[in-house]
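Here the structure is laid out as structure tokens; the discussion comes afterwards.
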Amino acid sequence: MNIMGHLQQLGRSLMLPTIVLPGAAIFLSLSALPWASIGLPDMQTHLQVAGHALFAYLPYLFAFGVAMGMTSNALTAGLAAIAGMFIYTSVINASHYELEPTVLTGVLIGLVTSIFNERFKSIKFPEYIQFFGGPRFIPLAVSVFSTLLAIVMVQIAPYIHNGLMELGDVIESGGGFGVFLFGFVLRILVVFGLHHLVSHMFWFQVGGYTSGDGSVVFGDLPRFFAGDPTAGGYMAGLYPTMMFALPAIAFAIIHEAREDLKPKIKKTFMIAALSSFLTGVTEPIEFAFLFVAPYLFVIHALLSGAMMWFTYELGIRHGFSFSAGAIDFLINEHLATRGWLLIPIGLIFGLLYYVMFRWAIHRFQIPTPGREEGSQLDEWAGDIPYRAPLILQAIGGKENIVQMEACITRLRLKVGSDKLIDINALRHLGAAGVIRLGGGNVQIVFGTYSELIREEMDKAIRRDISRVLFSAPMQGRMMPLSEVPDPIFSGKLVGDGVAFMPDKGELVSPVTGKVIHIYPTKHAIGIRTVEGLEVLLHIGIDTSQLKGQGFEAIVEEGDQVKPGQLLITFDMQKVRKGSKSLATPMVITNSDLVSSWSFAPFKGVKKGQASVMSVVLKERSGGGETA
């Protein structure tokens, strides 16, 4: 794995421990209620203890999360990291210095654990001590490392403690400009999924605060929840962006969409806007314009940084446990300083975004979703179990997947070859964007359905079933058979499948198989797959009356073909004039062999594009003539 691959995996790992923080915020918020007035005076204390406990044990959570995330959920590594933290904490507590484990300590032990896991998980010793070999050696190695680390830390901890405090002071001395740089870099790194690296530093490391009980906490986020009135400067300015700016972009995209596509676009981006407003999940909106107008994304990043600077200078301090959405805003408002100002500021900021993005989309004819046929992120969410095999094929099949994980908004993959990934097919199947990081590391943005997609892909990989996957036989619009203007095909009397309205006069093979029949008029061709399915491709309706004029067969009966291989060329103008319709059915004539069908969304496809149809064969079906 290259450096970018390691960084994206670390970024994902750093997200894992933070999923417990919303619980802490809720407990602390509830503790502010007047429990004594309803006869529950101890409830306030219990809730405060519950909330602060999660922050107190953050180093342990980060050690476990990083170890698990960097080792693809190796339980031995997670256990070793926790054990290492217990040893480290016990040793430093036994010293005469007042030391406490920090999040940085947890991350370090988690990282070292993952390195040890990779290096020693298959280690072998002589037979009489082999009990300590293999995975059992990892907790032992981590224990030794943690002990040595604690001993060193006891000696240098006073210098590190003072250094962190001074680092916080230096950054704070930068004032609003430092906050601006943080906000700008944070948004830019979203593109690569590495934003958690910089946010982790500022939210969990920079700046120290001594709470009322004498304990010292580091980082903007823990300090905010510990009651530090100066904390929250690196979080407050994100609220206007998440709650107002990104939804404003979504509204601009909706209003600039074509009228015929506007209903679908409205549904998709209203959901995306609500998601950003409530939870701070922004990728579905940001990736809608990132690839078609990257300069707009840079402007967006600059404005986001400027907003953080502006709120900082106004003395606004607010924080969050998960992300800067309305839910966190309301839950944590009782700890904020002048937090209410974020609402009017956000409204003004959102109006600026809306006007700017509508003008830019219209002025520069930016092909945002709805202006051209594009991916609808949520239109097929209920069909995820049926579409997962198609997504798997578009990634290059299970053989191409080395490692597959998911975070909140994207699939994070390590593949054997990223050249096998069909980006057009993935966009067709709902991906907002595909990011290649090099070394086979790829991120595919599917929004908040990413984890569900990963689960269904895992199921598809594990199932022992015979599945046949089809590519697009031509460039054009994919359509259901029911729309074909011929009762023989629309009634599925010939077989089941899909149809296409071509944009170009080229027909290619949708499968691997053998050409078993070419009609004398060359307007249709039959292919038998290696599994025995017989596929009929029929160019146009009532095209047999052309008697072969305008058609040219590139292959012959008996030829072996593969997906994307050219089969027939045809003169679209001549065929259109001499036929009832250009609609081209692709049907399986022996559909009795099929157990279930899956179809991609019915919209524009590229010639040879993977993952337009998938069928599962019945168990009784055997392989036909092999290709």
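The chains in the structure tokens are called A, B, ... from first to last as shown; in each chain the residues are counted from 1, and the ligands are counted from 1 in the order shown.
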Can you tell me, as a PyMOL selection string, which residues in stretch 432-464 of chain A count as strand (DSSP E) by DSSP? chain A and resi 433-438+441-445
Show me a table, sorted first by chain and then by increasing residue number, of the residues of stretch 394-498 of chain A having an atom at most 12 Å from stretch 260-274 of chain A, each with its shortest atom pair and the distance in Å to one decimal, counting only C-alpha atoms and written as a Markdown table.
```
| residue | atom | partner | partner_atom | distance |
| --- | --- | --- | --- | --- |
| A:Thr409 | CA | A:Ala272 | CA | 11.5 |
| A:Gly430 | CA | A:Thr268 | CA | 10.8 |
| A:Ala432 | CA | A:Thr268 | CA | 11.7 |
| A:Phe446 | CA | A:Ala272 | CA | 11.6 |
| A:Gly447 | CA | A:Ala272 | CA | 8.6 |
| A:Thr448 | CA | A:Ala272 | CA | 9.4 |
| A:Tyr449 | CA | A:Ala272 | CA | 11.8 |
```
Compare A:Met85, A:Val298, A:Met243, A:Met586 by their minimum atom-to-atom distance to A:Leu104, counting only C-alpha atoms, and give me the closest one. A:Met85
Backbone DSSP call of alpha helix (DSSP H) for stretch 375-601 of chain A, listed as a ChimeraX atom specification: /A:384-394,423-428,450-462,487-490,572-578
Using only C-alpha atoms, find each residue of stretch 50-79 of chain A with at least one atom at most 12 Å away from an atom of stretch 30-40 of chain A; report its shortest atom-to-atom pair and that distance in Å (one decimal), sort the rows by chain and rising residue number, and return the result as JSON lines.
```
{"residue": "A:Ala50", "atom": "CA", "partner": "A:Ser31", "partner_atom": "CA", "distance": 9.7}
{"residue": "A:Gly51", "atom": "CA", "partner": "A:Ser31", "partner_atom": "CA", "distance": 8.8}
{"residue": "A:His52", "atom": "CA", "partner": "A:Ser31", "partner_atom": "CA", "distance": 11.1}
```
Selection from above, C-alpha atoms, as a short mmCIF file (atom, residue, chain, number, x, y, z; two decimals), in the first residue's frame, can you write it?
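As a result, selection-v4.cif now contains:
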```
data_model
loop_
_atom_site.label_atom_id
_atom_site.label_comp_id
_atom_site.auth_asym_id
_atom_site.auth_seq_id
_atom_site.Cartn_x
_atom_site.Cartn_y
_atom_site.Cartn_z
CA ALA A 50 -21.72 9.15 31.83
CA GLY A 51 -20.93 11.95 29.38
CA HIS A 52 -17.48 12.77 30.74
#
```
Long-range neighbours of A:Phe182 as a PyMOL selection string, 12 Å cut-off, only C-alpha atoms, 6 positions minimum in chain: chain A and resi 171-172+174-176+188-189+195-203+233-235+237-238+301-302+304-309
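Across A:Ser579, A:Lys414, A:Asp559, A:Phe602, the tightest approach to A:Phe500 is made by A:Phe602 when counting only C-alpha atoms.
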Check the smallest atom-to-atom distance from each of A:Leu582, A:Leu452, A:Val190, A:Leu411 to A:Met501 using only C-alpha atoms, then report the winner.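 Checking each of A:Leu582, A:Leu452, A:Val190, A:Leu411 against A:Met501, counting only C-alpha atoms, the winner is A:Leu582.
Atom CA of A:Gly433 sits 19.1 Å away from atom CA of A:Ile299.
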Using only C-alpha atoms, which protein or nucleic acid residues come within 9 Å of A:Ile516? Drop anything in the same chain fewer than 2 positions from it, and give the result as a count of residues only. 11
Against stretch 144-154 of chain A, which residues of stretch 76-105 of chain A fall within 8 Å? For each one I want the closest pair of atoms and the distance in Å (one decimal), counting only C-alpha atoms, rows by chain and increasing residue number, as a tab-separated table.
```
residue	atom	partner	partner_atom	distance
A:Gly84	CA	A:Ser146	CA	5.3
A:Met85	CA	A:Ser146	CA	7.1
A:Ile87	CA	A:Thr147	CA	6.4
A:Tyr88	CA	A:Ala150	CA	5.2
A:Thr89	CA	A:Ala150	CA	7.6
A:Val91	CA	A:Ala150	CA	6.1
A:Ile92	CA	A:Ala150	CA	5.9
A:Ser95	CA	A:Val154	CA	7.0
A:Tyr97	CA	A:Val154	CA	7.2
A:Leu99	CA	A:Val154	CA	7.8
```
Residues from last step as file, C-alpha atoms, as a JSON list (two decimals), in the first residue's frame:
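Below is the file that was written, out.json:
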```json
[["chain", "number", "residue", "atom", "x", "y", "z"],
["A", 84, "GLY", "CA", -1.09, -1.79, 25.75],
["A", 85, "MET", "CA", -3.09, 1.23, 26.91],
["A", 87, "ILE", "CA", -0.03, -1.07, 30.75],
["A", 88, "TYR", "CA", 0.97, 2.41, 29.62],
["A", 89, "THR", "CA", -1.55, 4.12, 31.93],
["A", 91, "VAL", "CA", 3.15, 2.74, 34.51],
["A", 92, "ILE", "CA", 2.72, 6.52, 34.15],
["A", 95, "SER", "CA", 5.31, 7.81, 38.59],
["A", 97, "TYR", "CA", 4.49, 13.09, 37.72],
["A", 99, "LEU", "CA", 0.53, 12.33, 33.70]]
```
Suppose you want the space between atom CA of A:Ile19 and atom CA of A:His46; what is it in Å?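 We find that atom CA of A:Ile19 and atom CA of A:His46 lie 21.2 Å from each other.
You will find atom CA of A:Leu429 at 8.7 Å from atom CA of A:Val612.
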Given the choices A:Pro520, A:Pro222, A:Gly497, A:Gly491, which gets closest to A:Ala56 if the distance is worked out from only C-alpha atoms? A:Pro222
Any idea what's packed within 8 Å of stretch 536-545 of chain A, counting only C-alpha atoms, ignoring anything in its chain fewer than 3 positions away? Could you give it as a list in words? Pro485, Asp486, Thr521, His523, Ala524, Ile525, Gly526, Ile527, Gly548, Val575, Gly578, Ser579, Lys580, Ser581, Leu582, Ala583, Thr584, Pro585, Met586, Val587, Ile588 and Thr589 of chain A
Any chance you can output those residues with C-alpha atoms as a compact mmCIF listing (two decimals), in the first residue's frame?
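Everything below was put into result-v2.txt:
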```
# COMPACT_ATOMS: atom_id res chain seq x y z
CA PRO A 485 -43.25 -0.60 -29.48
CA ASP A 486 -43.77 -4.25 -30.34
CA THR A 521 -30.67 -9.77 -42.79
CA HIS A 523 -30.35 -7.10 -37.98
CA ALA A 524 -30.18 -9.64 -35.14
CA ILE A 525 -27.66 -11.95 -33.55
CA GLY A 526 -27.74 -14.74 -30.99
CA ILE A 527 -25.02 -15.49 -28.40
CA GLY A 548 -29.83 -6.36 -44.69
CA VAL A 575 -32.55 2.05 -40.28
CA GLY A 578 -37.04 2.10 -42.90
CA SER A 579 -38.23 0.67 -39.56
CA LYS A 580 -40.88 1.18 -36.91
CA SER A 581 -38.37 2.04 -34.16
CA LEU A 582 -34.68 1.92 -33.31
CA ALA A 583 -35.46 0.30 -29.94
CA THR A 584 -33.07 -2.66 -29.56
CA PRO A 585 -34.13 -5.47 -27.20
CA MET A 586 -31.55 -7.63 -25.39
CA VAL A 587 -33.42 -10.71 -24.17
CA ILE A 588 -32.62 -14.13 -22.78
CA THR A 589 -34.66 -16.53 -24.89
```
